[in-house]
Each structure stands twice: as C-alpha cells, then as structure tokens.
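So this block is final-v4.pdb, PDB, C-alpha atoms:
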```pdb
ATOM      1  CA  MET A  20     110.145  90.555 145.913
ATOM      2  CA  LEU A  21     112.261  93.583 145.031
ATOM      3  CA  SER A  22     115.741  93.467 143.584
ATOM      4  CA  ILE A  23     117.893  95.954 145.522
ATOM      5  CA  LYS A  24     121.361  95.048 144.266
ATOM      6  CA  ASP A  25     122.581  98.634 144.685
ATOM      7  CA  ALA A  26     121.153  99.141 148.184
ATOM      8  CA  TRP A  27     124.571  99.403 149.840
ATOM      9  CA  ASN A  28     126.541 101.186 147.109
ATOM     10  CA  THR A  29     127.169 104.318 149.167
ATOM     11  CA  ALA A  30     127.950 102.315 152.306
ATOM     12  CA  ALA A  31     130.467  99.895 150.811
ATOM     13  CA  VAL A  32     133.654 101.907 151.321
ATOM     14  CA  GLU A  33     133.010 102.718 154.989
ATOM     15  CA  HIS A  34     131.862  99.203 155.766
ATOM     16  CA  ASP A  35     134.899  97.655 154.103
ATOM     17  CA  GLU A  36     137.216  99.951 156.055
ATOM     18  CA  TYR A  37     135.414  99.051 159.271
ATOM     19  CA  MET A  38     135.677  95.313 158.629
ATOM     20  CA  LEU A  39     139.299  95.330 157.532
ATOM     21  CA  GLY A  40     140.248  97.508 160.485
ATOM     22  CA  ARG A  41     138.460  95.221 162.923
ATOM     23  CA  ILE A  42     139.933  92.013 161.525
ATOM     24  CA  ASP A  43     143.478  93.404 161.353
ATOM     25  CA  ARG A  44     143.275  94.784 164.893
ATOM     26  CA  LEU A  45     142.127  91.468 166.342
ATOM     27  CA  LEU A  46     144.745  89.513 164.411
ATOM     28  CA  SER A  47     147.473  91.815 165.741
ATOM     29  CA  LEU A  48     146.698  91.097 169.396
ATOM     30  CA  SER A  49     148.971  88.927 171.492
ATOM     31  CA  ALA A  50     147.708  85.895 173.400
ATOM     32  CA  LYS A  51     147.569  87.867 176.644
ATOM     33  CA  GLN A  52     145.482  90.726 175.261
ATOM     34  CA  THR A  53     141.696  90.952 175.484
ATOM     35  CA  GLY A  54     140.060  89.963 172.228
ATOM     36  CA  TYR A  55     142.827  87.613 171.101
ATOM     37  CA  ILE A  56     141.453  84.994 168.694
ATOM     38  CA  LYS A  57     142.103  81.699 170.428
ATOM     39  CA  SER A  58     141.116  79.439 167.541
ATOM     40  CA  PRO A  59     144.202  78.830 165.338
ATOM     41  CA  ALA A  60     141.947  77.607 162.543
ATOM     42  CA  LEU A  61     139.922  80.804 162.581
ATOM     43  CA  ARG A  62     143.072  82.926 162.672
ATOM     44  CA  SER A  63     144.310  81.209 159.515
ATOM     45  CA  PHE A  64     140.876  81.465 157.899
ATOM     46  CA  LEU A  65     140.769  85.205 158.565
ATOM     47  CA  LYS A  66     144.284  85.830 157.303
ATOM     48  CA  GLU A  67     143.621  83.986 154.047
ATOM     49  CA  ASN A  68     140.294  85.721 153.361
ATOM     50  CA  ARG A  69     140.502  89.038 155.223
ATOM     51  CA  THR A  70     139.472  91.176 152.222
ATOM     52  CA  LEU A  71     136.342  89.136 151.451
ATOM     53  CA  PHE A  72     134.251  89.412 154.626
ATOM     54  CA  GLY A  73     133.266  93.070 154.407
ATOM     55  CA  THR A  74     131.910  93.695 150.939
ATOM     56  CA  GLY A  75     132.306  90.410 149.092
ATOM     57  CA  ASN A  76     129.282  89.789 146.860
ATOM     58  CA  VAL A  77     126.820  86.965 147.456
ATOM     59  CA  SER A  78     128.793  84.565 145.282
ATOM     60  CA  THR A  79     131.907  85.360 147.332
ATOM     61  CA  LEU A  80     130.009  84.682 150.546
ATOM     62  CA  ARG A  81     129.005  81.277 149.240
ATOM     63  CA  SER A  82     132.649  80.537 148.528
ATOM     64  CA  LEU A  83     133.518  81.552 152.104
ATOM     65  CA  VAL A  84     130.971  79.054 153.405
ATOM     66  CA  ALA A  85     132.565  76.334 151.272
ATOM     67  CA  LYS A  86     136.032  77.283 152.542
ATOM     68  CA  ALA A  87     134.865  77.343 156.148
ATOM     69  CA  ASP A  88     133.201  73.947 155.755
ATOM     70  CA  ALA A  89     136.445  72.542 154.352
ATOM     71  CA  VAL A  90     138.306  73.834 157.412
ATOM     72  CA  LEU A  91     135.705  72.596 159.876
ATOM     73  CA  THR A  92     135.782  69.045 158.512
ATOM     74  CA  THR A  93     139.454  68.792 159.542
ATOM     75  CA  LEU A  94     138.781  69.818 163.151
ATOM     76  CA  THR A  95     137.732  67.930 166.245
ATOM     77  CA  ASN A  96     134.348  68.651 167.808
ATOM     78  CA  ARG A  97     135.979  70.885 170.390
ATOM     79  CA  GLN A  98     138.013  72.738 167.790
ATOM     80  CA  ARG A  99     134.897  73.284 165.659
ATOM     81  CA  ALA A 100     133.058  74.683 168.671
ATOM     82  CA  ASN A 101     135.986  77.042 169.356
ATOM     83  CA  PHE A 102     136.014  78.146 165.705
ATOM     84  CA  MET A 103     132.308  79.001 165.802
ATOM     85  CA  SER A 104     132.333  80.724 169.212
ATOM     86  CA  ALA A 105     135.421  82.757 168.281
ATOM     87  CA  SER A 106     133.720  83.769 165.000
ATOM     88  CA  LYS A 107     130.798  85.210 166.960
ATOM     89  CA  LYS A 108     133.218  87.389 168.926
ATOM     90  CA  VAL A 109     135.169  88.547 165.897
ATOM     91  CA  PHE A 110     132.052  89.324 163.881
ATOM     92  CA  ASP A 111     130.208  90.886 166.799
ATOM     93  CA  TYR A 112     126.794  91.679 165.354
ATOM     94  CA  LYS A 113     125.305  92.633 168.726
ATOM     95  CA  GLY A 114     128.066  95.167 169.306
ATOM     96  CA  PHE A 115     127.539  96.522 165.787
ATOM     97  CA  CYS A 116     123.831  96.988 166.566
ATOM     98  CA  ASP A 117     124.368  98.460 170.035
ATOM     99  CA  ALA A 118     126.787 101.140 168.827
ATOM    100  CA  ARG A 119     125.419 104.547 167.847
ATOM    101  CA  PRO A 120     126.495 107.235 165.381
ATOM    102  CA  PRO A 121     128.962 108.736 164.733
ATOM    103  CA  SER A 122     130.571 105.286 165.093
ATOM    104  CA  TRP A 123     130.134 102.984 162.126
ATOM    105  CA  CYS A 124     127.219 100.811 163.211
ATOM    106  CA  ALA A 125     123.914  99.299 162.090
ATOM    107  CA  TYR A 126     122.219 102.704 162.316
ATOM    108  CA  ARG A 127     124.801 104.419 160.147
ATOM    109  CA  LEU A 128     124.643 101.552 157.679
ATOM    110  CA  CYS A 129     120.844 101.605 157.450
ATOM    111  CA  GLN A 130     120.854 105.373 157.000
ATOM    112  CA  MET A 131     122.816 104.811 153.789
ATOM    113  CA  SER A 132     120.437 102.272 152.267
ATOM    114  CA  ALA A 133     119.170 103.352 148.850
ATOM    115  CA  TYR A 134     115.676 102.024 149.618
ATOM    116  CA  ASN A 135     113.089 102.466 152.370
ATOM    117  CA  ILE A 136     110.672  99.591 151.648
ATOM    118  CA  CYS A 137     111.047  95.965 152.762
ATOM    119  CA  PRO A 138     112.224  94.076 149.637
ATOM    120  CA  TYR A 139     110.664  90.790 150.715
ATOM    121  CA  CYS A 140     107.041  91.919 150.999
ATOM    122  CA  ASN A 141     106.932  95.465 149.555
ATOM    123  CA  GLN A 142     104.228  96.159 152.167
ATOM    124  CA  ALA A 143     106.168  97.727 155.047
ATOM    125  CA  PHE A 144     108.585 100.612 155.493
ATOM    126  CA  ALA A 145     112.246  99.909 156.180
ATOM    127  CA  PHE A 146     113.737 103.333 156.819
ATOM    128  CA  THR A 147     115.932 104.771 159.561
ATOM    129  CA  VAL A 148     115.499 107.692 161.927
ATOM    130  CA  VAL A 149     118.264 108.648 164.345
ATOM    131  CA  GLY A 150     117.018 111.041 167.022
ATOM    132  CA  THR A 151     118.628 112.661 170.042
ATOM    133  CA  SER A 152     116.838 110.403 172.510
ATOM    134  CA  ASN A 153     115.277 107.581 170.470
ATOM    135  CA  SER A 154     116.045 105.975 167.150
ATOM    136  CA  PHE A 155     114.735 103.211 164.937
ATOM    137  CA  ARG A 156     115.885 101.357 161.848
ATOM    138  CA  PRO A 157     114.836  98.356 159.768
ATOM    139  CA  THR A 158     115.856  94.921 160.953
ATOM    140  CA  LEU A 159     118.814  93.464 159.079
ATOM    141  CA  ASP A 160     118.007  89.985 157.915
ATOM    142  CA  HIS A 161     120.973  87.635 157.740
ATOM    143  CA  PHE A 162     120.103  85.935 154.464
ATOM    144  CA  PHE A 163     122.541  83.190 155.448
ATOM    145  CA  PRO A 164     121.710  82.909 159.184
ATOM    146  CA  LYS A 165     124.391  84.095 161.577
ATOM    147  CA  SER A 166     123.639  81.180 163.920
ATOM    148  CA  LYS A 167     124.982  78.789 161.270
ATOM    149  CA  TYR A 168     127.478  81.113 159.552
ATOM    150  CA  PRO A 169     128.713  83.488 162.293
ATOM    151  CA  TYR A 170     131.677  84.571 160.163
ATOM    152  CA  LEU A 171     129.143  86.206 157.779
ATOM    153  CA  ALA A 172     127.333  88.100 160.549
ATOM    154  CA  LEU A 173     128.718  91.475 159.414
ATOM    155  CA  SER A 174     129.116  90.816 155.696
ATOM    156  CA  LEU A 175     127.385  93.610 153.808
ATOM    157  CA  PHE A 176     125.769  91.354 151.215
ATOM    158  CA  ASN A 177     124.382  89.115 153.924
ATOM    159  CA  LEU A 178     122.448  92.002 155.488
ATOM    160  CA  VAL A 179     119.035  92.671 153.928
ATOM    161  CA  PRO A 180     117.184  95.735 155.323
ATOM    162  CA  SER A 181     113.723  94.320 155.962
ATOM    163  CA  CYS A 182     110.616  94.563 158.106
ATOM    164  CA  TYR A 183     110.184  92.683 161.378
ATOM    165  CA  VAL A 184     107.370  90.471 160.050
ATOM    166  CA  CYS A 185     109.422  89.146 157.137
ATOM    167  CA  ASN A 186     112.659  88.820 159.082
ATOM    168  CA  SER A 187     111.534  87.447 162.439
ATOM    169  CA  ASN A 188     107.997  86.095 162.056
ATOM    170  CA  LEU A 189     108.279  84.451 158.639
ATOM    171  CA  LYS A 190     111.930  83.775 157.774
ATOM    172  CA  GLY A 191     113.363  83.352 161.238
ATOM    173  CA  ASP A 192     116.410  81.078 161.230
ATOM    174  CA  GLU A 193     115.570  79.283 157.993
ATOM    175  CA  ASP A 194     118.761  78.460 156.135
ATOM    176  CA  PHE A 195     118.544  80.160 152.748
ATOM    177  CA  PHE A 196     122.035  78.889 151.937
ATOM    178  CA  LYS A 197     120.769  75.317 151.800
ATOM    179  CA  ILE A 198     117.205  76.116 150.706
ATOM    180  CA  LYS A 199     117.527  78.551 147.800
ATOM    181  CA  HIS A 200     115.304  81.629 147.853
ATOM    182  CA  LEU A 201     115.520  84.823 145.833
ATOM    183  CA  HIS A 202     118.204  87.099 147.244
ATOM    184  CA  PRO A 203     117.249  90.811 147.050
ATOM    185  CA  LEU A 204     120.921  91.807 146.884
ATOM    186  CA  GLU A 205     121.776  89.377 144.100
ATOM    187  CA  ASP A 206     118.800  88.245 142.028
ATOM    188  CA  ASP A 207     116.681  89.965 139.426
ATOM    189  CA  GLU A 208     112.952  90.385 140.023
ATOM    190  CA  GLU A 209     111.418  87.062 139.067
ATOM    191  CA  ILE A 210     108.101  87.448 140.866
ATOM    192  CA  HIS A 211     105.416  89.262 138.908
ATOM    193  CA  PHE A 212     101.761  89.820 139.766
ATOM    194  CA  GLU A 213      98.763  89.360 137.542
ATOM    195  CA  LEU A 214      95.069  90.035 137.966
ATOM    196  CA  ILE A 215      93.188  86.850 137.184
ATOM    197  CA  SER A 216      89.663  85.518 137.517
ATOM    198  CA  SER A 217      88.963  82.595 139.792
ATOM    199  CA  SER A 218      86.075  81.744 137.483
ATOM    200  CA  SER A 219      86.597  80.849 133.820
ATOM    201  CA  GLU A 220      83.326  82.669 133.136
ATOM    202  CA  TYR A 221      85.047  86.059 133.316
ATOM    203  CA  GLU A 222      88.029  87.602 131.607
ATOM    204  CA  SER A 223      90.316  89.744 133.744
ATOM    205  CA  PHE A 224      89.315  93.027 132.088
ATOM    206  CA  GLU A 225      85.649  92.260 132.821
ATOM    207  CA  LEU A 226      86.363  92.271 136.538
ATOM    208  CA  LEU A 227      86.798  96.023 136.347
ATOM    209  CA  ARG A 228      83.331  96.666 134.988
ATOM    210  CA  ASP A 229      81.437  95.460 138.012
ATOM    211  CA  GLU A 230      82.700  95.896 141.571
ATOM    212  CA  ARG A 231      80.790  92.834 142.712
ATOM    213  CA  LEU A 232      82.587  90.713 140.149
ATOM    214  CA  PHE A 233      85.948  92.078 141.248
ATOM    215  CA  ASP A 234      85.217  91.397 144.907
ATOM    216  CA  ARG A 235      83.939  87.930 144.165
ATOM    217  CA  TYR A 236      86.273  86.724 141.458
ATOM    218  CA  GLY A 237      89.187  89.129 141.249
ATOM    219  CA  VAL A 238      92.459  87.800 142.605
ATOM    220  CA  VAL A 239      95.922  89.291 142.263
ATOM    221  CA  VAL A 240      98.480  86.514 142.409
ATOM    222  CA  PRO A 241     102.248  86.190 142.111
ATOM    223  CA  ILE A 242     103.066  84.208 139.011
ATOM    224  CA  ARG A 243     105.019  81.042 139.659
ATOM    225  CA  GLY A 244     108.552  80.961 138.308
ATOM    226  CA  SER A 245     111.795  79.326 139.402
ATOM    227  CA  ASP A 246     111.970  77.072 142.447
ATOM    228  CA  ALA A 247     113.674  79.880 144.362
ATOM    229  CA  ALA A 248     110.887  82.304 143.422
ATOM    230  CA  ASN A 249     108.204  79.818 144.437
ATOM    231  CA  ARG A 250     109.876  79.255 147.806
ATOM    232  CA  SER A 251     110.037  83.011 148.376
ATOM    233  CA  ILE A 252     106.337  83.320 147.551
ATOM    234  CA  SER A 253     105.581  80.579 150.079
ATOM    235  CA  THR A 254     107.955  81.650 152.875
ATOM    236  CA  PHE A 255     106.853  85.277 152.857
ATOM    237  CA  LEU A 256     103.159  84.465 152.265
ATOM    238  CA  LEU A 257     103.035  86.789 149.277
ATOM    239  CA  ARG A 258      99.884  85.265 147.830
ATOM    240  CA  GLU A 259      97.955  85.548 151.099
ATOM    241  CA  ARG A 260      99.288  88.952 152.144
ATOM    242  CA  PHE A 261      98.289  90.724 148.941
ATOM    243  CA  PHE A 262      94.667  89.617 149.177
ATOM    244  CA  GLY A 263      94.043  92.300 151.776
ATOM    245  CA  ASN A 264      95.199  94.979 149.356
ATOM    246  CA  LEU A 265      92.676  94.256 146.616
ATOM    247  CA  PRO A 266      90.631  97.452 147.209
ATOM    248  CA  ALA A 267      93.703  99.654 146.788
ATOM    249  CA  ILE A 268      94.823  97.646 143.771
ATOM    250  CA  GLU A 269      91.363  97.907 142.192
ATOM    251  CA  ARG A 270      91.334 101.683 142.624
ATOM    252  CA  PHE A 271      94.772 101.944 141.067
ATOM    253  CA  ILE A 272      93.822  99.801 138.047
ATOM    254  CA  LYS A 273      90.631 101.753 137.356
ATOM    255  CA  HIS A 274      92.453 105.047 137.638
ATOM    256  CA  ARG A 275      95.232 103.806 135.396
ATOM    257  CA  ARG A 276      92.806 102.618 132.706
ATOM    258  CA  THR A 277      90.916 105.918 132.585
ATOM    259  CA  LEU A 278      93.922 108.242 132.568
ATOM    260  CA  THR A 279      94.069 108.558 128.784
ATOM    261  CA  PRO A 280      95.934 111.297 126.878
ATOM    262  CA  ASP A 281      92.553 112.984 126.292
ATOM    263  CA  LYS A 282      91.835 112.917 130.011
ATOM    264  CA  LEU A 283      95.247 114.415 130.794
ATOM    265  CA  ASN A 284      94.584 117.171 128.268
ATOM    266  CA  GLU A 285      91.182 117.802 129.842
ATOM    267  CA  TYR A 286      92.815 118.193 133.273
ATOM    268  CA  ARG A 287      95.359 120.579 131.739
ATOM    269  CA  GLN A 288      92.599 122.778 130.333
ATOM    270  CA  ILE A 289      90.691 122.807 133.624
ATOM    271  CA  LEU A 290      93.741 123.548 135.772
ATOM    272  CA  GLY A 291      95.504 125.841 133.337
ATOM    273  CA  TYR A 292      98.805 123.992 133.645
ATOM    274  CA  THR A 293     100.216 120.534 132.964
ATOM    275  CA  ARG A 294     100.836 117.795 135.475
ATOM    276  CA  ASP A 295     102.483 114.545 134.578
ATOM    277  CA  GLU A 296     100.833 111.155 134.726
ATOM    278  CA  ALA A 297     102.680 110.152 137.929
ATOM    279  CA  THR A 298     101.121 113.096 139.777
ATOM    280  CA  TYR A 299      97.579 112.038 138.901
ATOM    281  CA  LEU A 300      98.233 108.352 139.559
ATOM    282  CA  GLN A 301     100.158 109.156 142.747
ATOM    283  CA  PHE A 302     102.588 106.533 141.524
ATOM    284  CA  ASP A 303     105.909 106.951 139.745
ATOM    285  CA  ALA A 304     106.842 103.803 137.841
ATOM    286  CA  THR A 305     110.517 104.795 137.913
ATOM    287  CA  GLU A 306     110.491 104.929 141.743
ATOM    288  CA  TYR A 307     108.393 101.852 142.473
ATOM    289  CA  LYS A 308     111.019 100.320 144.778
ATOM    290  CA  ASN A 309     110.454 103.104 147.281
ATOM    291  CA  GLU A 310     106.641 102.931 147.246
ATOM    292  CA  LEU A 311     104.445 100.638 149.311
ATOM    293  CA  LEU A 312     102.944  98.010 146.982
ATOM    294  CA  GLY A 313     105.173  99.518 144.313
ATOM    295  CA  LYS A 314     106.004  96.225 142.570
ATOM    296  CA  ILE A 315     102.394  95.105 142.304
ATOM    297  CA  PHE A 316     101.357  98.583 141.115
ATOM    298  CA  LEU A 317     104.125  98.454 138.507
ATOM    299  CA  ASP A 318     102.833  95.131 137.206
ATOM    300  CA  MET A 319      99.256  96.479 137.113
ATOM    301  CA  TYR A 320     100.533  99.673 135.467
ATOM    302  CA  ARG A 321     102.019  97.567 132.666
ATOM    303  CA  GLN A 322      99.081  95.195 132.418
ATOM    304  CA  PHE A 323      96.326  97.818 132.224
ATOM    305  CA  ALA A 324      97.168 100.663 129.884
ATOM    306  CA  PRO A 325      94.576 103.411 129.354
ATOM    307  CA  THR A 326      91.729 102.499 126.986
TER     308      THR A 326
END
```
The structure in this file should be written as structure tokens.
Amino acid sequence: MLSIKDAWNTAAVEHDEYMLGRIDRLLSLSAKQTGYIKSPALRSFLKENRTLFGTGNVSTLRSLVAKADAVLTTLTNRQRANFMSASKKVFDYKGFCDARPPSWCAYRLCQMSAYNICPYCNQAFAFTVVGTSNSFRPTLDHFFPKSKYPYLALSLFNLVPSCYVCNSNLKGDEDFFKIKHLHPLEDDEEIHFELISSSSEYESFELLRDERLFDRYGVVVPIRGSDAANRSISTFLLRERFFGNLPAIERFIKHRRTLTPDKLNEYRQILGYTRDEATYLQFDATEYKNELLGKIFLDMYRQFAPT
C-alpha cells in the first residue's frame, strides 16, 4: 500500500476552480431553469460548505459526512431521497468522466497525477494516455463510495487513481468510511514486507543459498500492523497476490546482496566509466512509488544489504 498524499498537488487549483464554479452556477439558477437544485436541504448544505467539496482533505471529507448525516436525520424519507438524488446531479461524476480535454475532466485530472502505479496493490500501472481517437486512464476509486456519499463524488481527496482489479473486483462498493482501511491520500505507509521462512529449520538469509529452499520455504509477506492496515491487506489480497512474484523478488534480492562496492568498482574498470547502483539494480529506491513492485523491492533493498 503506497502513500501518495501529494498525488493531486498540481491538480488542486484547477479542480477547486471547477468545483466552486459548478456549485456557484447551480446555486444561482432560478426554479424554472434546468439544473435548479430542488432540495432546499441540499441548497443550504452547499451554501454552508461550498469551499470544502473540491479540495478539502480527508479529515474535511469526514466532517462533511457528519454534517450531511446531521441534516438527513431531520428530513422525511422523501426529503432524504430528494437530497441524495439531487446530490448525484450536482456532483455529476458520470459527466465528469464523459467529458474530454481541454475541458476539466477525469482525463485531465488523471494526467496530472504524480504517480503511475496503483497505490493499493503496487502491481499494476495507473497512467493516462489521451489520443486523437482513443484514450485510457486509471479508474478513480471513490474511497468513500459515491453510492452512499454522492456529495463526495467529485471531491479530490476521495478519488484514488487505481487499477481496475483493486477498484472494481476487490473493493467494489465496500464502505471504507465505516470500515477503516489505509487511505493512500492520507495515511503513511504502514504495510511492510519481509522475507520469512515457513519452516523454523531455516533462517531467511539461508533461503538465498539454495533455490530449492527458496521455492519451498521462502515466503514474502506483509507484516501485520494496525487494524486498518490488516483490513487493507485482506481486502486487496496483498498476501496472496505477491506469492506469484517470488521469482522476480528472489532475483532482486540476490542481485542486491552481491552488488558490493568492490563489485561496482570491478564493473567500472571493465566498462571504463561509472554507473550508479540504481542502474545495475534497475531499481531506484528514491522512485519506488512509480515502479511496479516498488514497495516490496524497497523493503527487500533495506532488508538485504550487500555482503
């Protein structure tokens, strides 16, 4: 699980302008105009909190949920239904996704993401390409589901650029507001990976001496932490999904352990010029958030220094 708190830094100003402009325009309409917000409760809710919906941080979004719940408890069933349906129209996520550049839209937003790897699994790309005829972008996971919190459907810190497997197949409509999971746009990286032996007969470093032992006993596992971290491990199947990457992880560890200063100097003498460690490892520890398996490689990089 990657922490990508700064993912939307360059997008914040444009998104805030878009949201404020949209809310103010809809609030200015008369009852006879198309798009008029028919729910008085929602109109009041928007007026009181208009500056918070666009780029309010995750804590602010939680406060908006609390405020909305307080409003909804005072309404009749019909009024609550009107509040929710009107919210879907005001915060029109489908329209935001259907629009294309140069309009401010999901494609423009995703183009400005600082990262191109799914933060939930670190196993799939999440980058954007806008072509003349076809385009694609990562899915935007509503960390707090838009079906339950439609007024957060366009909130920047409720939109996590992620892969389809994590967003649709694994998370789906699960309510992360009520069931706390790690939030990539808010939380630090709590999940760390460690190479362990499934047999007490072997120490972890011994697994690297014999490929048969590694294949038979070597397991790379996410270390259990907070309840939120454990739920994220379970929801996104992190333990199971990384098993299939053991060969690549093994190669990385062995290469990391043998790339000593003497070995780097030997390469320099053979080649006649110097290359840095990242070039030989094909892994830059400072850029791990934009590399497939980057977090697990970072943990292995730290765990297995050259001998």
Checklist entry - Do you have the CA of Val77 in chain A-CA of Leu204 in chain A distance handy? => result 7.7 Å
Checklist entry - Separation of CA of Phe262 in chain A and CA of Arg156 in chain A, in Å? => result 27.4 Å
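Nearest to Glu209 in chain A of all the residues A:Leu159, A:Gly313, A:Val90, A:Ser245 is A:Ser245, based on all atoms listed in the file.
Within the 7 Å cut-off around Met131 in chain A, using all atoms listed in the file and omitting residues fewer than 5 positions from it on the same chain, the listed residues are Trp27, Thr29 and Ala30 of chain A.
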Now that the selection is made, can you save its residues with C-alpha atoms as a compact mmCIF listing (two decimals), keeping the file's coordinate frame?
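Output file part-v3.txt is given in full below:
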```txt
# COMPACT_ATOMS: atom_id res chain seq x y z
CA TRP A 27 124.57 99.40 149.84
CA THR A 29 127.17 104.32 149.17
CA ALA A 30 127.95 102.32 152.31
```
Item to check | Test item: the PyMOL selection byres ((chain A and resi 248) around 12) resolved as an MDAnalysis selection string | outcome: chainID A and resid 20:21 139 198:203 206:211 241:247 249:257
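With distances taken over all atoms listed in the file, A:Leu278 is the one residue among A:Met319, A:Leu278, A:Ala60, A:Leu94 lying closest to Leu300 in chain A.
Compared by their closest atoms to Asn101 in chain A, and using only C-alpha atoms, the residues A:Thr293, A:Ser58, A:Asn153, A:Ser187 rank with A:Ser58 nearest.
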